[in-house]
>>> print(open('upload_8.cif').read())   # mmCIF, C-alpha atoms
data_my_file
#
loop_
_atom_site.label_atom_id
_atom_site.label_comp_id
_atom_site.auth_asym_id
_atom_site.auth_seq_id
_atom_site.Cartn_x
_atom_site.Cartn_y
_atom_site.Cartn_z
CA MET G 1 70.90 69.34 106.14
CA ALA G 2 68.77 71.51 103.87
CA TYR G 3 70.70 74.43 102.43
CA THR G 4 69.24 77.91 102.12
CA TYR G 5 71.26 80.34 100.02
CA LEU G 6 70.72 84.07 100.48
CA ILE G 7 72.17 85.72 97.38
CA THR G 8 72.17 89.49 97.01
CA GLY G 9 72.84 90.78 93.52
CA ALA G 10 71.33 87.51 92.29
CA THR G 11 70.07 89.06 89.05
CA SER G 12 73.61 89.79 87.84
CA ASP G 13 75.25 87.59 85.23
CA VAL G 14 77.36 85.97 87.94
CA GLY G 15 74.37 85.62 90.26
CA THR G 16 72.16 83.79 87.78
CA ALA G 17 75.02 81.52 86.72
CA LEU G 18 75.80 80.72 90.35
CA ILE G 19 72.17 79.90 91.15
CA ASP G 20 72.04 77.52 88.20
CA ARG G 21 75.25 75.86 89.36
CA LEU G 22 74.07 75.49 92.97
CA LEU G 23 70.62 74.12 92.14
CA ASP G 24 71.63 71.76 89.33
CA GLY G 25 71.22 68.33 90.90
CA ALA G 26 70.65 69.75 94.39
CA PRO G 27 68.06 68.21 96.74
CA SER G 28 64.54 69.50 96.18
CA ASP G 29 64.48 71.24 99.58
CA THR G 30 67.40 73.50 98.61
CA LEU G 31 66.18 77.10 98.57
CA VAL G 32 67.64 80.27 97.05
CA LEU G 33 66.52 83.64 98.42
CA ALA G 34 67.44 85.85 95.47
CA GLN G 35 67.61 89.64 95.74
CA GLY G 36 67.52 91.96 92.77
CA CYS G 37 66.59 95.61 92.30
CA GLY G 38 64.07 96.46 89.61
CA ASP G 39 65.19 93.52 87.47
CA VAL G 40 63.89 90.37 89.16
CA GLU G 41 62.34 89.29 85.85
CA LYS G 42 65.84 88.05 85.02
CA LEU G 43 65.19 85.26 87.54
CA ALA G 44 62.10 83.99 85.70
CA PRO G 45 63.95 81.28 83.71
CA LEU G 46 65.50 79.94 86.92
CA CYS G 47 62.15 79.99 88.70
CA GLN G 48 60.72 77.92 85.85
CA LYS G 49 63.69 75.55 85.74
CA TYR G 50 63.71 74.99 89.53
CA PRO G 51 60.06 75.32 90.67
CA GLY G 52 59.70 76.39 94.28
CA GLN G 53 63.46 76.61 94.84
CA VAL G 54 64.08 80.25 93.82
CA ARG G 55 62.32 82.97 95.79
CA PRO G 56 62.87 86.45 94.26
CA PHE G 57 62.94 89.69 96.27
CA ASP G 58 62.97 93.17 94.74
CA VAL G 59 64.94 95.34 97.18
CA ASP G 60 66.94 98.56 96.76
CA LEU G 61 70.08 97.92 98.81
CA SER G 62 71.05 101.60 98.66
CA ASP G 63 68.14 102.38 101.01
CA MET G 64 68.96 101.15 104.52
CA LEU G 65 65.31 101.31 105.63
CA LYS G 66 64.44 98.93 102.80
CA VAL G 67 67.36 96.70 103.76
CA ASP G 68 66.04 96.55 107.33
CA ALA G 69 62.57 95.67 106.03
CA PHE G 70 64.08 92.99 103.77
CA ILE G 71 65.88 91.42 106.71
CA ARG G 72 62.70 91.40 108.81
CA LEU G 73 60.80 89.79 105.93
CA LEU G 74 63.42 87.06 105.64
CA GLU G 75 63.31 86.42 109.38
CA GLN G 76 59.52 86.09 109.27
CA THR G 77 59.06 84.07 106.09
CA ALA G 78 62.22 82.08 105.29
CA PRO G 79 64.56 79.58 106.90
CA VAL G 80 67.77 80.93 108.39
CA PRO G 81 70.31 81.07 105.56
CA THR G 82 73.08 78.50 105.68
CA HIS G 83 74.94 80.42 102.97
CA PHE G 84 75.17 84.14 102.21
CA VAL G 85 76.62 85.40 98.91
CA HIS G 86 76.94 89.17 98.42
CA LEU G 87 77.44 90.30 94.82
CA PRO G 88 75.90 93.77 94.25
CA ALA G 89 77.83 96.86 93.18
CA LEU G 90 77.37 99.83 90.93
CA PRO G 91 79.10 99.41 87.55
CA VAL G 92 82.69 100.61 87.41
CA VAL G 93 83.07 104.15 86.14
CA ASN G 94 86.59 105.08 85.02
CA THR G 95 87.15 108.68 86.03
CA ARG G 96 90.01 110.81 87.25
CA PHE G 97 90.10 111.46 90.98
CA LYS G 98 89.65 115.21 90.45
CA ASN G 99 86.18 114.33 89.11
CA PHE G 100 85.37 111.99 92.02
CA ASP G 101 81.59 111.63 92.40
CA GLU G 102 81.02 111.62 96.16
CA GLU G 103 77.27 111.06 95.90
CA ARG G 104 77.68 108.02 93.67
CA PHE G 105 80.44 106.65 95.91
CA ALA G 106 78.21 106.99 98.97
CA ARG G 107 75.45 105.07 97.18
CA ASP G 108 77.86 102.33 96.15
CA MET G 109 79.11 102.03 99.73
CA GLU G 110 75.51 101.57 100.88
CA ILE G 111 74.97 98.85 98.27
CA GLN G 112 78.26 97.03 98.65
CA VAL G 113 79.29 97.53 102.27
CA HIS G 114 76.56 98.87 104.55
CA SER G 115 73.88 96.45 103.34
CA ALA G 116 76.35 93.58 103.81
CA VAL G 117 77.10 94.68 107.36
CA LYS G 118 73.40 94.82 108.22
CA ILE G 119 72.69 91.39 106.74
CA CYS G 120 75.75 89.81 108.34
CA ARG G 121 74.93 91.29 111.75
CA VAL G 122 71.63 89.42 111.73
CA PHE G 123 72.42 86.15 110.00
CA VAL G 124 76.07 85.33 110.72
CA PRO G 125 75.42 84.97 114.48
CA LYS G 126 72.52 82.65 113.60
CA MET G 127 74.87 80.59 111.44
CA ALA G 128 77.32 80.47 114.33
CA LYS G 129 74.61 79.28 116.69
CA ALA G 130 73.76 76.50 114.24
CA GLY G 131 77.44 75.58 113.97
CA PHE G 132 77.58 75.96 110.19
CA GLY G 133 77.69 78.76 107.66
CA ARG G 134 79.31 79.90 104.45
CA VAL G 135 79.70 83.58 103.58
CA LEU G 136 81.14 84.69 100.26
CA PHE G 137 81.82 88.08 98.72
CA ILE G 138 82.97 89.09 95.27
CA GLN G 139 86.03 91.32 95.33
CA THR G 140 88.24 92.40 92.47
CA SER G 141 91.80 91.83 91.32
CA TYR G 142 92.12 95.62 91.52
CA THR G 143 92.73 95.20 95.27
CA ILE G 144 95.66 92.84 94.60
CA GLY G 145 98.87 94.71 93.95
CA CYS G 146 98.67 97.92 91.93
CA PRO G 147 95.17 98.92 90.80
CA PRO G 148 94.53 100.55 87.43
CA LYS G 149 94.24 104.31 87.29
CA ASN G 150 90.90 106.11 87.58
CA THR G 151 89.12 103.47 89.69
CA ALA G 152 89.45 104.98 93.18
CA ALA G 153 85.79 104.67 94.17
CA TYR G 154 85.52 101.03 93.15
CA VAL G 155 88.83 100.06 94.78
CA MET G 156 87.91 101.79 98.05
CA ALA G 157 84.55 100.02 98.28
CA LYS G 158 86.07 96.63 97.50
CA SER G 159 88.85 97.23 100.02
CA ALA G 160 86.22 97.80 102.70
CA ILE G 161 84.68 94.45 101.76
CA GLY G 162 88.09 92.85 102.22
CA GLY G 163 88.36 94.23 105.74
CA LEU G 164 84.90 92.94 106.63
CA VAL G 165 85.76 89.47 105.34
CA LYS G 166 88.95 89.17 107.38
CA SER G 167 87.25 90.44 110.55
CA LEU G 168 84.28 88.07 110.27
CA ALA G 169 86.53 85.13 109.40
CA VAL G 170 88.59 85.56 112.54
CA GLU G 171 85.59 86.05 114.81
CA TYR G 172 83.47 83.13 113.61
CA ALA G 173 85.98 80.45 112.55
CA ARG G 174 85.47 78.39 115.73
CA GLN G 175 81.69 78.31 115.15
CA GLY G 176 81.94 76.55 111.79
CA VAL G 177 81.37 79.68 109.69
CA THR G 178 83.76 80.43 106.84
CA VAL G 179 84.00 83.84 105.20
CA ASN G 180 85.85 84.27 101.92
CA CYS G 181 86.12 86.27 98.68
CA VAL G 182 86.72 85.59 95.04
CA ALA G 183 88.62 88.32 93.20
CA PRO G 184 88.14 88.13 89.43
CA SER G 185 90.10 90.16 86.96
CA MET G 186 88.04 92.13 84.46
CA MET G 187 84.99 89.99 83.71
CA GLU G 188 82.94 90.48 80.56
CA THR G 189 79.40 90.93 81.85
CA HIS G 190 76.73 93.61 81.80
CA PHE G 191 78.65 95.14 84.72
CA LEU G 192 81.07 96.68 82.19
CA LYS G 193 78.37 98.66 80.40
CA ASP G 194 79.94 101.97 81.51
CA THR G 195 83.52 100.91 80.76
CA PRO G 196 84.91 102.02 77.36
CA ASP G 197 85.51 99.19 74.89
CA LEU G 198 89.14 100.20 74.50
CA ILE G 199 89.75 99.56 78.21
CA VAL G 200 88.02 96.16 78.02
CA GLN G 201 90.03 95.18 74.96
CA ALA G 202 93.30 96.37 76.52
CA ALA G 203 92.64 94.31 79.65
CA ALA G 204 92.07 91.21 77.52
CA ALA G 205 95.26 91.82 75.56
CA ASP G 206 97.30 92.29 78.75
CA ASN G 207 95.98 89.13 80.42
CA PRO G 208 98.44 86.20 80.22
CA MET G 209 95.61 84.04 78.85
CA GLY G 210 94.79 86.62 76.21
CA ARG G 211 91.21 87.22 77.28
CA ASN G 212 89.06 88.59 80.06
CA ALA G 213 87.27 86.41 82.61
CA THR G 214 83.69 85.20 82.19
CA PRO G 215 81.12 84.02 84.76
CA ALA G 216 81.91 80.45 83.66
CA ASP G 217 85.47 81.00 84.93
CA VAL G 218 84.45 82.49 88.27
CA VAL G 219 81.37 80.54 89.35
CA PRO G 220 83.17 77.19 89.89
CA ALA G 221 85.58 78.88 92.31
CA MET G 222 82.62 80.39 94.14
CA ALA G 223 80.84 77.05 94.33
CA PHE G 224 83.99 75.48 95.80
CA LEU G 225 84.31 78.09 98.55
CA LEU G 226 80.64 77.55 99.41
CA SER G 227 81.07 73.78 99.58
CA GLU G 228 81.94 71.38 102.37
CA GLU G 229 85.29 70.73 100.68
CA ALA G 230 86.34 74.28 101.62
CA ARG G 231 85.51 73.84 105.32
CA PHE G 232 89.11 74.64 106.41
CA ILE G 233 89.46 77.73 104.21
CA THR G 234 88.45 81.07 105.67
CA GLY G 235 89.53 84.69 105.47
CA VAL G 236 91.02 84.30 102.00
CA THR G 237 90.65 86.18 98.76
CA LEU G 238 90.97 83.77 95.85
CA PRO G 239 92.22 85.42 92.65
CA VAL G 240 90.47 84.25 89.49
CA THR G 241 92.54 86.24 87.07
CA GLY G 242 94.12 84.10 84.37
CA GLY G 243 97.49 84.95 85.90
CA SER G 244 97.11 88.73 85.69
CA ALA G 245 97.34 89.12 89.48
CA ILE G 246 99.63 86.59 91.12
CA VAL G 247 99.95 86.78 94.90
#
>>> encode(input="upload_8.cif", output="structure tokens")
Amino acid sequence: MAYTYLITGATSDVGTALIDRLLDGAPSDTLVLAQGCGDVEKLAPLCQKYPGQVRPFDVDLSDMLKVDAFIRLLEQTAPVPTHFVHLPALPVVNTRFKNFDEERFARDMEIQVHSAVKICRVFVPKMAKAGFGRVLFIQTSYTIGCPPKNTAAYVMAKSAIGGLVKSLAVEYARQGVTVNCVAPSMMETHFLKDTPDLIVQAAAADNPMGRNATPADVVPAMAFLLSEEARFITGVTLPVTGGSAIV
């Protein structure tokens, strides 16, 4: 069976690392449909390393008309995805709730949640019809136990993702489609560009392993949940936290 991975947020540090992991040694007919927004040049090294196996798309997921057009383009020009991985989000901004930015929150909900709903509505039923599918989201350890202060917008958006995952998992389990999340603790990537260094350093110091997560810690867990070995795992959120969030 030829695998087609639809990865949104593919230009992120986690996205590029995951693509490299999935395509390394994969059959030549494996295809990655990789969405970015204004930064698809980050995929150029992967396109060169895996010729013909990475197909970039520049799409603004905060614009639902563009999301609809993206979905139509995929339906017309690409195989039905066997795997869907949804990674995009606006960078975390630590701010007190009294300064809550409603406009920014609405945009992040479009990117993280509404675009995912639209894509899943089209492609998850197709996976179910084929009798196979893997859907994976990236959550956050902030939704496990007590979240840190001043992260209300981020926690609310990620909590909505958690509800979507559980609902899809229950509905499509009998059709061979699994739907899961990974929930990293603070991960040192470009995503933290708006987070003060003192907060990043404090998170590392508080972690039982004495450091923050990296994509190299998280991507293997993602690859497992996308694999055949995880065929009887669905509806779960897997913490990848170095012990900082133990369920």
>>> atom_distance(input="upload_8.cif", atom1="CA of Gln112 (chain G)", atom2="CA of Leu136 (chain G)")
12.8 Å
>>> closest_residue(input="upload_8.cif", among="G:Asp20, G:Glu188, G:Asp63, G:Glu228", to="Met1 (chain G)", atoms="all atoms listed in the file")
G:Glu228
>>> resolve_selection(input="upload_8.cif", expression="the PyMOL selection byres ((chain G and resi 50) around 12)", output="PyMOL selection string")
chain G and resi 19-32+43-49+51-55
>>> residues_around(input="upload_8.cif", residues="region 3-15 of chain G", least_positions_apart="4", cutoff="7 Å", atoms="only C-alpha atoms", output="count of residues only")
24
>>> atom_distance(input="upload_8.cif", atom1="CA of Gly242 (chain G)", atom2="CA of Asn212 (chain G)")
8.0 Å
>>> atom_distance(input="upload_8.cif", atom1="CA of Val113 (chain G)", atom2="CA of Ala213 (chain G)")
24.0 Å
>>> closest_residue(input="upload_8.cif", among="G:Ala2, G:Ala78, G:Leu65, G:Leu18", to="Glu110 (chain G)", atoms="all atoms listed in the file")
G:Leu65
>>> resolve_selection(input="upload_8.cif", expression="the PyMOL selection byres ((chain G and resi 238) around 7)", output="list in words")
Cys181, Val182, Ala183, Val236, Thr237, Pro239 and Val240 of chain G
>>> write_last_selection(input="upload_8.cif", atoms="C-alpha atoms", output="mmCIF file, keeping the file's coordinate frame")
data_model
loop_
_atom_site.group_PDB
_atom_site.id
_atom_site.type_symbol
_atom_site.label_atom_id
_atom_site.label_comp_id
_atom_site.auth_asym_id
_atom_site.auth_seq_id
_atom_site.Cartn_x
_atom_site.Cartn_y
_atom_site.Cartn_z
ATOM 1 C CA CYS G 181 86.120 86.270 98.680
ATOM 2 C CA VAL G 182 86.720 85.590 95.040
ATOM 3 C CA ALA G 183 88.620 88.320 93.200
ATOM 4 C CA VAL G 236 91.020 84.300 102.000
ATOM 5 C CA THR G 237 90.650 86.180 98.760
ATOM 6 C CA PRO G 239 92.220 85.420 92.650
ATOM 7 C CA VAL G 240 90.470 84.250 89.490
#
>>> closest_residue(input="upload_8.cif", among="G:Ala205, G:Arg134, G:Ala169, G:His114", to="Glu229 (chain G)", atoms="only C-alpha atoms")
G:Arg134
>>> residues_around(input="upload_8.cif", residues="Ala245 (chain G)", least_positions_apart="6", cutoff="8 Å", atoms="all atoms listed in the file", output="PyMOL selection string")
chain G and resi 141+144-145+185+239
>>> closest_residue(input="upload_8.cif", among="G:Pro148, G:Leu164, G:Ala173, G:Ala216", to="Ala202 (chain G)", atoms="only C-alpha atoms")
G:Pro148
>>> residues_near_point(input="upload_8.cif", point="(68.3, 94.8, 100.6)", cutoff="7 Å", atoms="all atoms listed in the file", output="list in words")
Val59, Asp60, Leu61, Lys66, Val67, Phe70 and Ser115 of chain G
>>> residues_near_point(input="upload_8.cif", point="(94.0, 101.2, 87.0)", cutoff="12 Å", atoms="only C-alpha atoms", output="ChimeraX atom specification")
/G:92-97,140-155,185-186,199-200,202-203
